[in-house]
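This is start.cif (mmCIF, C-alpha atoms).
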data_query
#
loop_
_atom_site.label_atom_id
_atom_site.label_comp_id
_atom_site.auth_asym_id
_atom_site.auth_seq_id
_atom_site.Cartn_x
_atom_site.Cartn_y
_atom_site.Cartn_z
CA MET A 1 17.78 -36.74 8.75
CA GLU A 2 19.93 -34.49 10.93
CA ASN A 3 20.41 -32.15 8.01
CA LEU A 4 16.67 -32.06 7.35
CA GLU A 5 16.05 -31.35 11.03
CA ARG A 6 18.43 -28.41 10.84
CA ILE A 7 16.72 -27.09 7.70
CA LEU A 8 13.36 -27.46 9.37
CA SER A 9 14.52 -25.65 12.49
CA GLU A 10 15.77 -22.75 10.37
CA HIS A 11 12.43 -22.24 8.65
CA PRO A 12 10.47 -19.40 10.30
CA PHE A 13 7.37 -21.59 10.67
CA PHE A 14 9.22 -23.94 13.04
CA ALA A 15 11.37 -21.29 14.72
CA ASP A 16 11.88 -22.07 18.42
CA LEU A 17 9.87 -25.29 18.21
CA ASP A 18 10.65 -27.65 21.08
CA LYS A 19 13.43 -30.02 19.98
CA SER A 20 11.39 -33.14 20.69
CA PHE A 21 8.52 -31.73 18.58
CA LEU A 22 10.99 -30.89 15.86
CA SER A 23 12.21 -34.49 15.75
CA LEU A 24 8.63 -35.72 15.58
CA ALA A 25 7.73 -33.32 12.78
CA CYS A 26 10.94 -34.10 10.95
CA GLY A 27 9.79 -37.70 10.55
CA CYS A 28 7.11 -36.42 8.17
CA ALA A 29 9.36 -34.11 6.16
CA ARG A 30 11.24 -34.39 2.89
CA ASN A 31 13.02 -31.94 0.62
CA ALA A 32 11.47 -31.26 -2.76
CA HIS A 33 12.33 -29.12 -5.75
CA PHE A 34 10.04 -27.75 -8.45
CA GLU A 35 11.07 -26.09 -11.69
CA GLY A 36 9.69 -22.65 -12.45
CA GLY A 37 6.21 -22.50 -13.95
CA ARG A 38 5.21 -25.91 -12.60
CA PHE A 39 2.04 -26.70 -10.70
CA ILE A 40 2.70 -28.14 -7.25
CA PHE A 41 -0.93 -29.01 -6.75
CA HIS A 42 -4.32 -28.38 -8.32
CA GLU A 43 -7.65 -27.30 -6.87
CA GLY A 44 -9.77 -30.33 -5.94
CA GLY A 45 -6.85 -32.70 -5.45
CA ALA A 46 -6.06 -34.51 -2.20
CA ALA A 47 -4.27 -32.24 0.28
CA ASP A 48 -1.57 -34.77 1.00
CA ASN A 49 1.26 -32.38 1.89
CA PHE A 50 1.96 -29.26 3.85
CA TYR A 51 4.65 -27.09 2.21
CA LEU A 52 7.31 -24.85 3.74
CA LEU A 53 8.86 -22.61 1.10
CA ARG A 54 12.67 -22.33 1.35
CA GLN A 55 13.67 -20.80 -1.98
CA GLY A 56 11.86 -19.35 -4.95
CA ARG A 57 8.37 -17.93 -5.26
CA VAL A 58 4.99 -19.59 -5.45
CA ALA A 59 1.68 -18.20 -6.70
CA LEU A 60 -1.67 -19.35 -5.33
CA GLN A 61 -4.31 -19.19 -8.04
CA ILE A 62 -7.97 -19.77 -8.73
CA SER A 63 -9.22 -20.20 -12.27
CA ALA A 64 -12.57 -18.93 -13.46
CA PRO A 65 -14.25 -19.83 -16.75
CA GLY A 66 -13.41 -17.28 -19.40
CA ARG A 67 -11.08 -15.39 -17.08
CA GLY A 68 -8.15 -17.78 -16.85
CA ALA A 69 -5.97 -18.20 -13.80
CA ASN A 70 -6.15 -15.43 -11.21
CA THR A 71 -3.34 -15.13 -8.70
CA PHE A 72 -4.59 -14.04 -5.29
CA LEU A 73 -1.39 -14.44 -3.30
CA THR A 74 2.31 -14.85 -3.97
CA LEU A 75 4.59 -16.40 -1.40
CA GLU A 76 8.23 -15.79 -0.55
CA PRO A 77 10.85 -17.97 1.15
CA GLY A 78 9.96 -18.43 4.82
CA GLU A 79 6.24 -18.72 4.13
CA VAL A 80 4.00 -21.81 4.07
CA PHE A 81 1.22 -23.06 1.82
CA GLY A 82 -1.08 -25.99 1.49
CA VAL A 83 -2.82 -25.46 4.83
CA ASN A 84 -5.77 -27.60 3.70
CA TRP A 85 -3.81 -30.58 5.09
CA LEU A 86 -5.26 -29.81 8.52
CA VAL A 87 -8.99 -29.61 7.84
CA PRO A 88 -11.33 -32.28 6.41
CA PRO A 89 -12.01 -33.12 3.64
CA TYR A 90 -8.26 -32.50 3.07
CA ARG A 91 -8.68 -31.17 -0.44
CA TRP A 92 -6.87 -28.29 -2.18
CA SER A 93 -9.09 -25.27 -2.66
CA TYR A 94 -6.75 -23.50 -5.13
CA ASP A 95 -3.80 -24.15 -7.42
CA ALA A 96 -0.19 -23.65 -6.37
CA ARG A 97 2.29 -22.86 -9.14
CA THR A 98 5.94 -21.90 -8.98
CA LEU A 99 6.84 -18.51 -10.43
CA GLU A 100 10.47 -19.55 -10.44
CA SER A 101 12.46 -22.61 -9.44
CA ALA A 102 11.48 -23.43 -5.86
CA ARG A 103 12.84 -25.52 -3.01
CA VAL A 104 10.38 -26.64 -0.38
CA ILE A 105 10.04 -28.91 2.57
CA ALA A 106 7.05 -31.12 1.90
CA MET A 107 5.50 -32.57 5.02
CA ASP A 108 3.38 -35.67 4.58
CA ALA A 109 -0.09 -34.61 5.68
CA HIS A 110 -1.27 -38.02 6.86
CA CYS A 111 1.89 -38.47 8.93
CA LEU A 112 1.67 -34.99 10.42
CA ARG A 113 -2.02 -35.35 11.28
CA ASN A 114 -1.35 -38.65 13.02
CA LYS A 115 1.49 -37.18 15.07
CA CYS A 116 -0.61 -34.17 16.05
CA GLU A 117 -3.43 -36.50 17.06
CA ALA A 118 -1.09 -38.71 19.07
CA ASP A 119 0.59 -35.76 20.79
CA HIS A 120 -1.86 -32.95 21.40
CA ASP A 121 0.89 -30.70 22.70
CA LEU A 122 2.58 -30.92 19.31
CA GLY A 123 -0.79 -30.46 17.58
CA TYR A 124 -1.59 -27.39 19.66
CA ASP A 125 1.83 -25.88 19.02
CA ILE A 126 1.45 -26.34 15.27
CA MET A 127 -2.10 -24.98 15.45
CA LYS A 128 -0.82 -21.85 17.22
CA ARG A 129 1.69 -21.34 14.41
CA LEU A 130 -0.87 -21.88 11.67
CA MET A 131 -3.72 -19.79 13.06
CA PRO A 132 -2.04 -16.36 12.77
CA ILE A 133 -1.15 -17.16 9.16
CA LEU A 134 -4.71 -18.22 8.39
CA ILE A 135 -6.18 -15.17 10.12
CA GLU A 136 -3.77 -12.84 8.29
CA ARG A 137 -4.71 -14.41 4.95
CA LEU A 138 -8.41 -14.23 5.75
CA HIS A 139 -8.00 -10.57 6.64
CA ALA A 140 -6.00 -9.89 3.46
CA THR A 141 -8.72 -11.58 1.42
CA ARG A 142 -11.32 -9.31 3.03
CA LEU A 143 -9.28 -6.26 2.06
CA GLN A 144 -8.91 -7.56 -1.49
CA PHE A 145 -12.66 -8.19 -1.56
CA LEU A 146 -13.25 -4.54 -0.54
CA ASP A 147 -11.45 -3.54 -3.74
CA LEU A 148 -9.92 -0.59 -1.89
CA TYR A 149 -8.34 1.02 -4.92
CA GLY A 150 -11.43 0.81 -7.11
CA ALA A 151 -12.98 3.96 -8.59
CA HIS A 152 -15.85 3.82 -6.09
CA VAL A 153 -13.56 4.88 -3.23
CA MET B 1 -22.68 33.00 15.28
CA ARG B 2 -23.43 34.13 11.75
CA ARG B 3 -21.47 37.33 12.31
CA ALA B 4 -18.44 35.40 13.58
CA PHE B 5 -18.58 33.12 10.57
CA SER B 6 -18.83 36.06 8.16
CA PHE B 7 -15.92 37.74 9.86
CA SER B 8 -13.80 34.64 9.50
CA ILE B 9 -14.55 34.31 5.82
CA SER B 10 -13.78 37.92 5.10
CA THR B 11 -10.58 37.71 7.12
CA ALA B 12 -9.56 34.69 5.11
CA LEU B 13 -10.45 36.40 1.86
CA MET B 14 -8.15 39.25 2.72
CA SER B 15 -5.30 37.14 4.01
CA GLU B 16 -2.61 35.64 1.81
CA ALA B 17 -2.43 32.00 0.95
CA ALA B 18 0.64 30.12 2.13
CA ASP B 19 2.60 30.92 -0.99
CA PRO B 20 6.36 30.97 -0.43
CA SER B 21 6.73 33.12 -3.53
CA GLY B 22 5.41 35.97 -1.42
CA ARG B 23 2.73 36.83 -3.94
CA ALA B 24 -0.45 38.20 -2.48
CA ALA B 25 -2.91 35.48 -3.43
CA PRO B 26 -6.38 35.77 -1.93
CA PRO B 27 -7.12 32.17 -0.94
CA MET B 28 -10.66 32.09 -2.33
CA VAL B 29 -9.73 33.51 -5.72
CA PRO B 30 -8.26 31.07 -8.23
CA ARG B 31 -5.27 31.89 -10.33
CA ILE B 32 -5.47 30.86 -13.94
CA ALA B 33 -3.30 28.12 -15.37
CA HIS B 34 -3.26 26.42 -18.72
CA VAL B 35 -2.68 22.78 -19.45
CA ARG B 36 0.75 22.17 -20.95
CA ARG B 37 0.41 18.44 -21.31
CA ARG B 38 -1.96 15.64 -20.40
CA ARG B 39 -0.81 12.07 -19.88
CA HIS B 40 -2.86 8.93 -19.35
CA ASP B 41 -1.46 7.16 -16.27
CA ALA B 42 -3.97 4.43 -15.45
CA PRO B 43 -7.34 3.31 -16.85
CA ASP B 44 -9.11 6.09 -14.90
CA ALA B 45 -6.26 8.47 -14.01
CA TRP B 46 -4.61 11.27 -15.93
CA THR B 47 -1.71 13.57 -15.12
CA LEU B 48 -1.98 17.25 -16.06
CA GLU B 49 1.05 19.48 -16.35
CA LEU B 50 -0.02 23.06 -15.68
CA GLU B 51 1.64 26.40 -16.26
CA MET B 52 0.49 29.49 -14.38
CA SER B 53 -0.76 31.95 -16.95
CA ASP B 54 0.80 34.92 -15.14
CA GLY B 55 4.21 33.25 -15.40
CA ALA B 56 4.83 33.20 -11.63
CA PRO B 57 5.49 29.62 -10.50
CA LEU B 58 3.40 28.13 -7.73
CA ARG B 59 5.76 26.90 -5.03
CA TYR B 60 4.68 24.20 -2.63
CA ALA B 61 5.91 21.57 -0.20
CA PRO B 62 5.56 17.80 -0.79
CA GLY B 63 2.15 16.64 0.39
CA GLN B 64 0.30 19.93 -0.10
CA PHE B 65 -2.70 20.26 -2.37
CA ASN B 66 -4.44 22.74 -4.65
CA MET B 67 -8.11 23.36 -5.32
CA LEU B 68 -8.52 22.95 -9.08
CA THR B 69 -11.45 24.48 -10.91
CA ALA B 70 -12.98 23.04 -14.03
CA PHE B 71 -14.73 26.19 -15.14
CA GLY B 72 -18.47 25.84 -15.29
CA VAL B 73 -18.38 22.52 -13.46
CA GLY B 74 -16.82 22.99 -10.05
CA GLU B 75 -13.76 22.73 -7.85
CA VAL B 76 -11.96 19.77 -6.32
CA ALA B 77 -8.96 19.23 -4.04
CA ILE B 78 -6.02 17.52 -5.74
CA SER B 79 -2.54 16.94 -4.33
CA MET B 80 0.50 17.97 -6.27
CA SER B 81 2.26 14.98 -7.81
CA GLY B 82 5.29 16.54 -9.48
CA ASP B 83 8.74 17.60 -8.41
CA PRO B 84 8.45 20.61 -6.10
CA ALA B 85 12.03 21.64 -6.90
CA SER B 86 11.69 21.88 -10.65
CA GLY B 87 9.45 21.49 -13.64
CA PRO B 88 5.83 22.42 -14.15
CA LEU B 89 2.98 22.15 -11.66
CA VAL B 90 1.75 18.57 -11.89
CA HIS B 91 -1.51 17.03 -10.70
CA THR B 92 -2.61 13.43 -11.11
CA ILE B 93 -6.36 13.08 -11.13
CA ARG B 94 -8.69 10.11 -10.99
CA ALA B 95 -11.94 10.63 -12.89
CA VAL B 96 -14.57 9.75 -10.29
CA GLY B 97 -17.00 12.70 -10.24
CA PRO B 98 -18.15 15.48 -12.58
CA VAL B 99 -15.32 17.88 -11.69
CA SER B 100 -12.54 15.33 -11.89
CA HIS B 101 -14.00 13.96 -15.12
CA ALA B 102 -14.03 17.47 -16.58
CA LEU B 103 -10.45 18.11 -15.45
CA THR B 104 -9.13 14.89 -16.92
CA ARG B 105 -10.71 15.73 -20.28
CA LEU B 106 -8.85 19.04 -20.58
CA GLY B 107 -6.36 19.22 -23.39
CA ALA B 108 -3.25 21.29 -24.02
CA GLY B 109 -3.92 25.02 -23.84
CA GLN B 110 -7.20 24.79 -21.95
CA LEU B 111 -7.63 26.74 -18.73
CA VAL B 112 -7.84 25.58 -15.13
CA GLY B 113 -8.43 27.55 -11.94
CA VAL B 114 -5.84 26.98 -9.23
CA ARG B 115 -6.18 27.91 -5.55
CA GLY B 116 -3.38 26.98 -3.23
CA PRO B 117 -1.10 25.58 -2.12
CA PHE B 118 -2.97 24.48 0.98
CA GLY B 119 -2.37 22.32 3.99
CA VAL B 120 0.46 20.73 5.88
CA GLY B 121 2.67 18.41 3.86
CA TRP B 122 4.94 15.47 4.57
CA PRO B 123 7.41 15.79 7.48
CA MET B 124 10.54 16.15 5.37
CA ALA B 125 12.45 17.99 8.10
CA GLN B 126 11.61 15.38 10.75
CA ALA B 127 12.68 12.64 8.35
CA ALA B 128 16.19 14.04 7.89
CA GLY B 129 18.78 11.60 9.18
CA LYS B 130 16.24 8.80 9.48
CA ASP B 131 15.11 5.84 7.42
CA VAL B 132 12.02 6.70 5.44
CA LEU B 133 9.33 4.15 4.68
CA LEU B 134 6.75 5.22 2.13
CA VAL B 135 3.60 3.12 1.83
CA ALA B 136 1.28 3.95 -1.04
CA GLY B 137 -2.00 2.43 -2.11
CA GLY B 138 -3.48 3.01 -5.56
CA LEU B 139 -3.53 6.68 -6.50
CA GLY B 140 -2.00 7.38 -3.07
CA LEU B 141 1.36 7.24 -4.81
CA ALA B 142 0.60 10.61 -6.43
CA PRO B 143 0.75 12.74 -3.23
CA LEU B 144 3.85 10.79 -2.14
CA ARG B 145 5.70 11.36 -5.41
CA PRO B 146 6.86 14.91 -4.52
CA ALA B 147 8.29 13.48 -1.29
CA ILE B 148 10.11 10.79 -3.28
CA TYR B 149 11.60 13.45 -5.56
CA ARG B 150 12.75 15.39 -2.49
CA LEU B 151 14.20 12.26 -0.85
CA LEU B 152 16.07 11.26 -4.00
CA GLY B 153 17.12 14.83 -4.75
CA GLU B 154 18.65 15.19 -1.29
CA ARG B 155 19.51 11.53 -0.88
CA ALA B 156 22.47 12.00 1.48
CA ARG B 157 20.23 13.63 4.10
CA PHE B 158 18.23 10.45 4.69
CA GLY B 159 18.91 6.88 5.73
CA LYS B 160 17.37 3.86 4.02
CA VAL B 161 14.49 4.84 1.73
CA THR B 162 11.83 2.25 0.92
CA LEU B 163 8.66 2.45 -1.14
CA LEU B 164 5.99 -0.21 -0.67
CA PHE B 165 3.28 0.24 -3.26
CA GLY B 166 0.01 -1.61 -3.60
CA ALA B 167 -2.21 -1.34 -6.67
CA ARG B 168 -5.43 -2.96 -7.73
CA ARG B 169 -4.14 -4.75 -10.83
CA PRO B 170 -0.90 -4.56 -12.84
CA GLU B 171 -2.52 -2.22 -15.38
CA ASP B 172 -3.51 0.18 -12.54
CA ILE B 173 0.09 0.87 -11.50
CA ILE B 174 0.47 4.62 -11.92
CA PHE B 175 3.77 6.22 -12.94
CA ARG B 176 4.74 2.74 -14.09
CA HIS B 177 7.92 3.66 -15.96
CA GLU B 178 9.08 5.83 -13.11
CA VAL B 179 8.39 3.11 -10.54
CA GLU B 180 10.42 0.73 -12.70
CA SER B 181 13.29 3.23 -12.88
CA TRP B 182 13.20 3.68 -9.09
CA ARG B 183 13.36 -0.10 -8.74
CA GLY B 184 16.54 -0.04 -10.78
CA ARG B 185 18.29 2.41 -8.47
CA PHE B 186 20.63 1.34 -5.68
CA ASP B 187 19.55 4.03 -3.23
CA ILE B 188 15.85 3.20 -2.86
CA ASP B 189 14.14 -0.13 -2.25
CA VAL B 190 10.89 -0.52 -4.12
CA GLU B 191 8.38 -3.34 -3.71
CA VAL B 192 5.14 -3.43 -5.67
CA THR B 193 2.19 -5.70 -5.03
CA VAL B 194 -1.21 -5.98 -6.69
CA ASP B 195 -4.49 -7.24 -5.25
CA HIS B 196 -5.44 -9.20 -8.35
CA ALA B 197 -3.39 -10.50 -11.25
CA GLY B 198 -3.54 -12.84 -14.17
CA ALA B 199 -1.14 -15.73 -14.58
CA ASP B 200 1.28 -13.61 -16.61
CA TRP B 201 2.12 -11.24 -13.73
CA ARG B 202 5.49 -12.15 -12.23
CA GLY B 203 5.45 -9.76 -9.28
CA HIS B 204 3.89 -9.87 -5.83
CA VAL B 205 0.19 -10.48 -5.35
CA GLY B 206 -1.44 -9.65 -2.04
CA VAL B 207 -2.34 -6.62 0.03
CA VAL B 208 0.26 -3.97 0.77
CA THR B 209 0.21 -4.83 4.50
CA GLY B 210 1.74 -8.17 3.45
CA LEU B 211 4.79 -6.29 2.17
CA ILE B 212 5.10 -4.57 5.55
CA SER B 213 5.13 -7.82 7.47
CA ARG B 214 7.99 -9.05 5.25
CA HIS B 215 9.92 -5.79 5.47
CA GLU B 216 12.52 -5.21 8.17
CA ILE B 217 12.50 -1.78 9.77
CA ASP B 218 14.41 -0.13 12.56
CA PRO B 219 11.47 1.31 14.49
CA ALA B 220 13.56 3.78 16.47
CA ALA B 221 15.09 5.27 13.33
CA THR B 222 12.19 5.22 10.87
CA VAL B 223 9.63 7.74 9.74
CA ALA B 224 6.71 6.33 7.75
CA MET B 225 4.64 8.28 5.22
CA VAL B 226 1.42 6.58 4.18
CA CYS B 227 -1.11 7.53 1.54
CA GLY B 228 -4.04 5.61 0.12
CA PRO B 229 -7.66 4.81 0.90
CA GLU B 230 -8.52 5.42 4.56
CA VAL B 231 -9.19 1.74 5.29
CA MET B 232 -5.86 0.76 3.79
CA MET B 233 -4.04 3.41 5.86
CA ARG B 234 -5.72 2.21 9.04
CA PHE B 235 -4.46 -1.33 8.53
CA VAL B 236 -1.04 -0.15 7.37
CA ALA B 237 -0.75 1.90 10.57
CA MET B 238 -1.64 -1.14 12.66
CA ALA B 239 0.89 -3.27 10.78
CA LEU B 240 3.53 -0.63 11.47
CA VAL B 241 2.56 -0.53 15.15
CA ASP B 242 3.07 -4.31 15.16
CA LYS B 243 6.56 -3.63 13.79
CA GLY B 244 7.26 -1.38 16.76
CA LEU B 245 6.97 1.99 15.05
CA ALA B 246 5.77 4.79 17.31
CA GLU B 247 2.38 6.28 16.44
CA ASP B 248 3.90 9.74 16.16
CA ALA B 249 6.52 8.49 13.69
CA MET B 250 3.95 7.53 11.07
CA TYR B 251 2.22 10.14 8.95
CA LEU B 252 -1.00 9.60 7.02
CA SER B 253 -2.43 11.85 4.32
CA MET B 254 -6.18 12.09 4.72
CA GLU B 255 -8.72 12.62 2.00
CA ARG B 256 -12.05 14.25 2.84
CA ASN B 257 -14.56 16.40 1.06
CA MET B 258 -12.74 19.74 0.91
CA LYS B 259 -14.56 22.85 -0.23
CA CYS B 260 -13.07 26.08 1.09
CA ALA B 261 -9.57 24.66 1.84
CA ILE B 262 -9.00 27.26 4.56
CA GLY B 263 -10.73 25.64 7.52
CA HIS B 264 -13.99 27.57 7.47
CA CYS B 265 -16.71 25.65 5.71
CA GLY B 266 -16.41 22.48 7.80
CA HIS B 267 -16.95 20.04 4.94
CA CYS B 268 -13.68 18.25 5.65
CA GLN B 269 -13.99 18.37 9.42
CA LEU B 270 -12.81 15.24 11.20
CA GLY B 271 -13.63 15.63 14.88
CA PRO B 272 -11.83 18.73 16.10
CA THR B 273 -9.60 19.02 13.05
CA PHE B 274 -10.01 20.38 9.56
CA ILE B 275 -8.28 18.17 7.03
CA CYS B 276 -7.68 21.09 4.65
CA ARG B 277 -6.11 23.41 7.20
CA ASP B 278 -4.57 21.11 9.83
CA GLY B 279 -3.66 18.36 7.35
CA PRO B 280 -4.00 16.61 5.01
CA VAL B 281 -0.95 14.97 6.64
CA PHE B 282 -1.33 13.97 10.29
CA THR B 283 0.48 11.64 12.64
CA PHE B 284 -1.31 8.39 13.38
CA ALA B 285 -1.13 9.36 17.06
CA ARG B 286 -3.43 12.27 16.27
CA LEU B 287 -5.72 10.37 13.92
CA LYS B 288 -6.07 7.10 15.79
CA PRO B 289 -8.87 8.14 18.16
CA LEU B 290 -10.71 9.79 15.25
CA LEU B 291 -10.37 6.88 12.84
CA SER B 292 -11.94 4.53 15.36
CA VAL B 293 -15.17 6.57 15.38
CA LYS B 294 -17.17 5.11 12.51
CA GLU B 295 -19.54 8.08 12.36
CA LEU B 296 -16.65 10.41 11.55
#
What would you get if you wrote out this structure as structure tokens?
Amino acid sequence: MENLERILSEHPFFADLDKSFLSLACGCARNAHFEGGRFIFHEGGAADNFYLLRQGRVALQISAPGRGANTFLTLEPGEVFGVNWLVPPYRWSYDARTLESARVIAMDAHCLRNKCEADHDLGYDIMKRLMPILIERLHATRLQFLDLYGAHV
Amino acid sequence: MRRAFSFSISTALMSEAADPSGRAAPPMVPRIAHVRRRRHDAPDAWTLELEMSDGAPLRYAPGQFNMLTAFGVGEVAISMSGDPASGPLVHTIRAVGPVSHALTRLGAGQLVGVRGPFGVGWPMAQAAGKDVLLVAGGLGLAPLRPAIYRLLGERARFGKVTLLFGARRPEDIIFRHEVESWRGRFDIDVEVTVDHAGADWRGHVGVVTGLISRHEIDPAATVAMVCGPEVMMRFVAMALVDKGLAEDAMYLSMERNMKCAIGHCGHCQLGPTFICRDGPVFTFARLKPLLSVKEL
């Protein structure tokens, strides 16, 4: 557990997190490894984990009939994915697939939600870490939607 | 008012263009060039290699542009995209309007009108001794390519050189083989991202600002050169500000509707500046108050 706590503390998402919060969060965490090209989760499934990427690369994808899988974001070590764990109905809204062998910290969503509910200070701290990521991704999606490099510009 | 305007035009007509070759080149009169080669670079972009028909090379600085005439159709401003130190005059053109469509359809031997070079280019002198961060979006890589040639040609004069390049889709990556060869070099860091990709794309997906947030820079020792759609440049500039880069250390190349290219007609006017004459490259410090005015 100590080792996992150290790994968690070294991930940018939990950088400078209060030690007592870190111990609480660590109780929900486990190490996981996925081979390259493997789906970590599928759109529509239960959002039962929150993932912190440590090694490897992960693609977030949405499939459309006749158009196959479209990648809208790739993630590097130090980034997080699976943020649907926080918001009802706790369901994945896209696929996550490894582009290469990946090591992650998987945080049990039910456990983490309960701890955030029980300790609002922890919940607020995690919320403050998640919100900038969500806003940045929303903004990036808007820019992608604008199709800036299209011939109409 | 009319008299003053007429005087300015006639003065400009008599003056020489900024041509380091020293040739007297009336700025409103095109020189004739012929197409040496035409290469397809992206689904809607072609690169033309031109040779001046009078044999005198057209010298220019990275970031400058020419007005190219498709005879019988019209004239359009296009940045140089080749190596300013050697080789033919090179322009990379996206077919978006009648003139650019006509230009991209020209084949070897056909004639083009060339006025220029015009404008203020990239700050190569200010970048000496510093790290250089180039951020390109879409066809914005074309005006940056002469700067990349200069940086690589005089590599010892500069610190860390990085190119962050965002394209629409993998098939829209211009100068693809060259970008791949730059990626293979040890003296330039290259990161490419696309906005949209199929499952077979192994590279980054996401907007180019995402590459900036992942990239470490030394703000006190970095000069940034940015070229792409105006919206993209605005957000890139803000991302660089977030990284601590000073607003006068980042340079943006603006694209507006240029007609005369000598600061008289006003078509490219942005507030108090003329993009053709005072730019197209400006510091973000100078552009920031103008870019925030939506009507401009």
> Got a sec to pull out which chain A residues are within 7 Å of chain B, counting all atoms listed in the file, and send them as a list in words?
Replying inline: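 Output check: Ala69, Asn70, Thr71, Phe72, Leu73, Thr74, Leu99, Ala140, Gln144, Leu148, Tyr149 and Ala151 of chain A.
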> How far is it from atom CA of B:Pro146 to atom CA of B:Ala33, in Å with one decimal?
Replying inline: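 Separation of atom CA of B:Pro146 and atom CA of B:Ala33: 19.9 Å.
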>> Can you translate the PyMOL selection byres ((chain A and resi 129) around 12) into the concrete residues it hits in this file, as a list of chain:residue names?
In response: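 Output from the PyMOL selection byres ((chain A and resi 129) around 12), applied to this file: A:Pro12, A:Phe13, A:Phe14, A:Ala15, A:Asp16, A:Leu17, A:Glu79, A:Val80, A:Val83, A:Leu122, A:Gly123, A:Tyr124, A:Asp125, A:Ile126, A:Met127, A:Lys128, A:Leu130, A:Met131, A:Pro132, A:Ile133, A:Leu134, A:Ile135, A:Glu136.
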> So which residues get picked by the PyMOL selection byres ((chain B and resi 189) around 6) here, written as a list in words?
Replying inline: Thr162, Ile188 and Val190 of chain B
Neighbour list for A:Gly27 as an mmCIF file with C-alpha atoms, in the coordinates of the input, cut-off 10 Å, only C-alpha atoms, skip fewer than 6 positions in-chain:
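The result, written out as around.cif:
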data_model
loop_
_atom_site.group_PDB
_atom_site.id
_atom_site.type_symbol
_atom_site.label_atom_id
_atom_site.label_comp_id
_atom_site.auth_asym_id
_atom_site.auth_seq_id
_atom_site.Cartn_x
_atom_site.Cartn_y
_atom_site.Cartn_z
ATOM 1 C CA MET A 1 17.780 -36.740 8.750
ATOM 2 C CA LEU A 4 16.670 -32.060 7.350
ATOM 3 C CA GLU A 5 16.050 -31.350 11.030
ATOM 4 C CA MET A 107 5.500 -32.570 5.020
ATOM 5 C CA ASP A 108 3.380 -35.670 4.580
ATOM 6 C CA CYS A 111 1.890 -38.470 8.930
ATOM 7 C CA LEU A 112 1.670 -34.990 10.420
ATOM 8 C CA LYS A 115 1.490 -37.180 15.070
#
> For A:Ile105, which of A:Ser93, A:Ser9, A:Ser23, A:Ser63 is the closest residue, counting all atoms listed in the file?
Replying inline: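 Going through A:Ser93, A:Ser9, A:Ser23, A:Ser63 one by one, the smallest distance to A:Ile105 is for A:Ser9.
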> Which polymer residues have any atom within 6 Å of an atom of stretch 242-257 of chain B, counting all atoms listed in the file, with same-chain residues fewer than 4 positions away left out, as a PyMOL selection string?
Replying inline: chain B and resi 219+223-227+267-268+280-285
> Residues at most 9 Å from A:Arg54, counting all atoms listed in the file, excluding those fewer than 3 positions away in the same chain, as a list in words?
Replying inline: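 Listed by chain and then number, they are Ile7, His11, Glu76, Pro77, Gly78, Glu79, Ala102, Arg103, Val104 and Ile105 of chain A.
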For stretch 106-116 of chain B, supply N, CA and C atoms and report the output as a compact mmCIF listing (two decimals), keeping the file's coordinate frame.
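The resulting file, selection10.txt, is shown below:
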# COMPACT_ATOMS: atom_id res chain seq x y z
N LEU B 106 -9.46 17.81 -20.05
CA LEU B 106 -8.85 19.04 -20.58
C LEU B 106 -7.63 18.72 -21.43
N GLY B 107 -7.51 19.42 -22.51
CA GLY B 107 -6.36 19.22 -23.39
C GLY B 107 -5.39 20.38 -23.32
N ALA B 108 -4.29 20.27 -24.03
CA ALA B 108 -3.25 21.29 -24.02
C ALA B 108 -3.85 22.65 -24.38
N GLY B 109 -3.47 23.65 -23.58
CA GLY B 109 -3.92 25.02 -23.84
C GLY B 109 -5.18 25.40 -23.10
N GLN B 110 -5.95 24.45 -22.64
CA GLN B 110 -7.20 24.79 -21.95
C GLN B 110 -6.91 25.28 -20.52
N LEU B 111 -7.87 26.04 -19.99
CA LEU B 111 -7.63 26.74 -18.73
C LEU B 111 -8.17 26.00 -17.52
N VAL B 112 -7.47 26.17 -16.41
CA VAL B 112 -7.84 25.58 -15.13
C VAL B 112 -7.70 26.66 -14.07
N GLY B 113 -8.59 26.66 -13.09
CA GLY B 113 -8.43 27.55 -11.94
C GLY B 113 -7.62 26.84 -10.87
N VAL B 114 -6.71 27.59 -10.25
CA VAL B 114 -5.84 26.98 -9.23
C VAL B 114 -5.86 27.84 -7.97
N ARG B 115 -6.32 27.27 -6.87
CA ARG B 115 -6.18 27.91 -5.55
C ARG B 115 -5.23 27.07 -4.72
N GLY B 116 -4.29 27.72 -4.09
CA GLY B 116 -3.38 26.98 -3.23
C GLY B 116 -1.97 27.55 -3.31
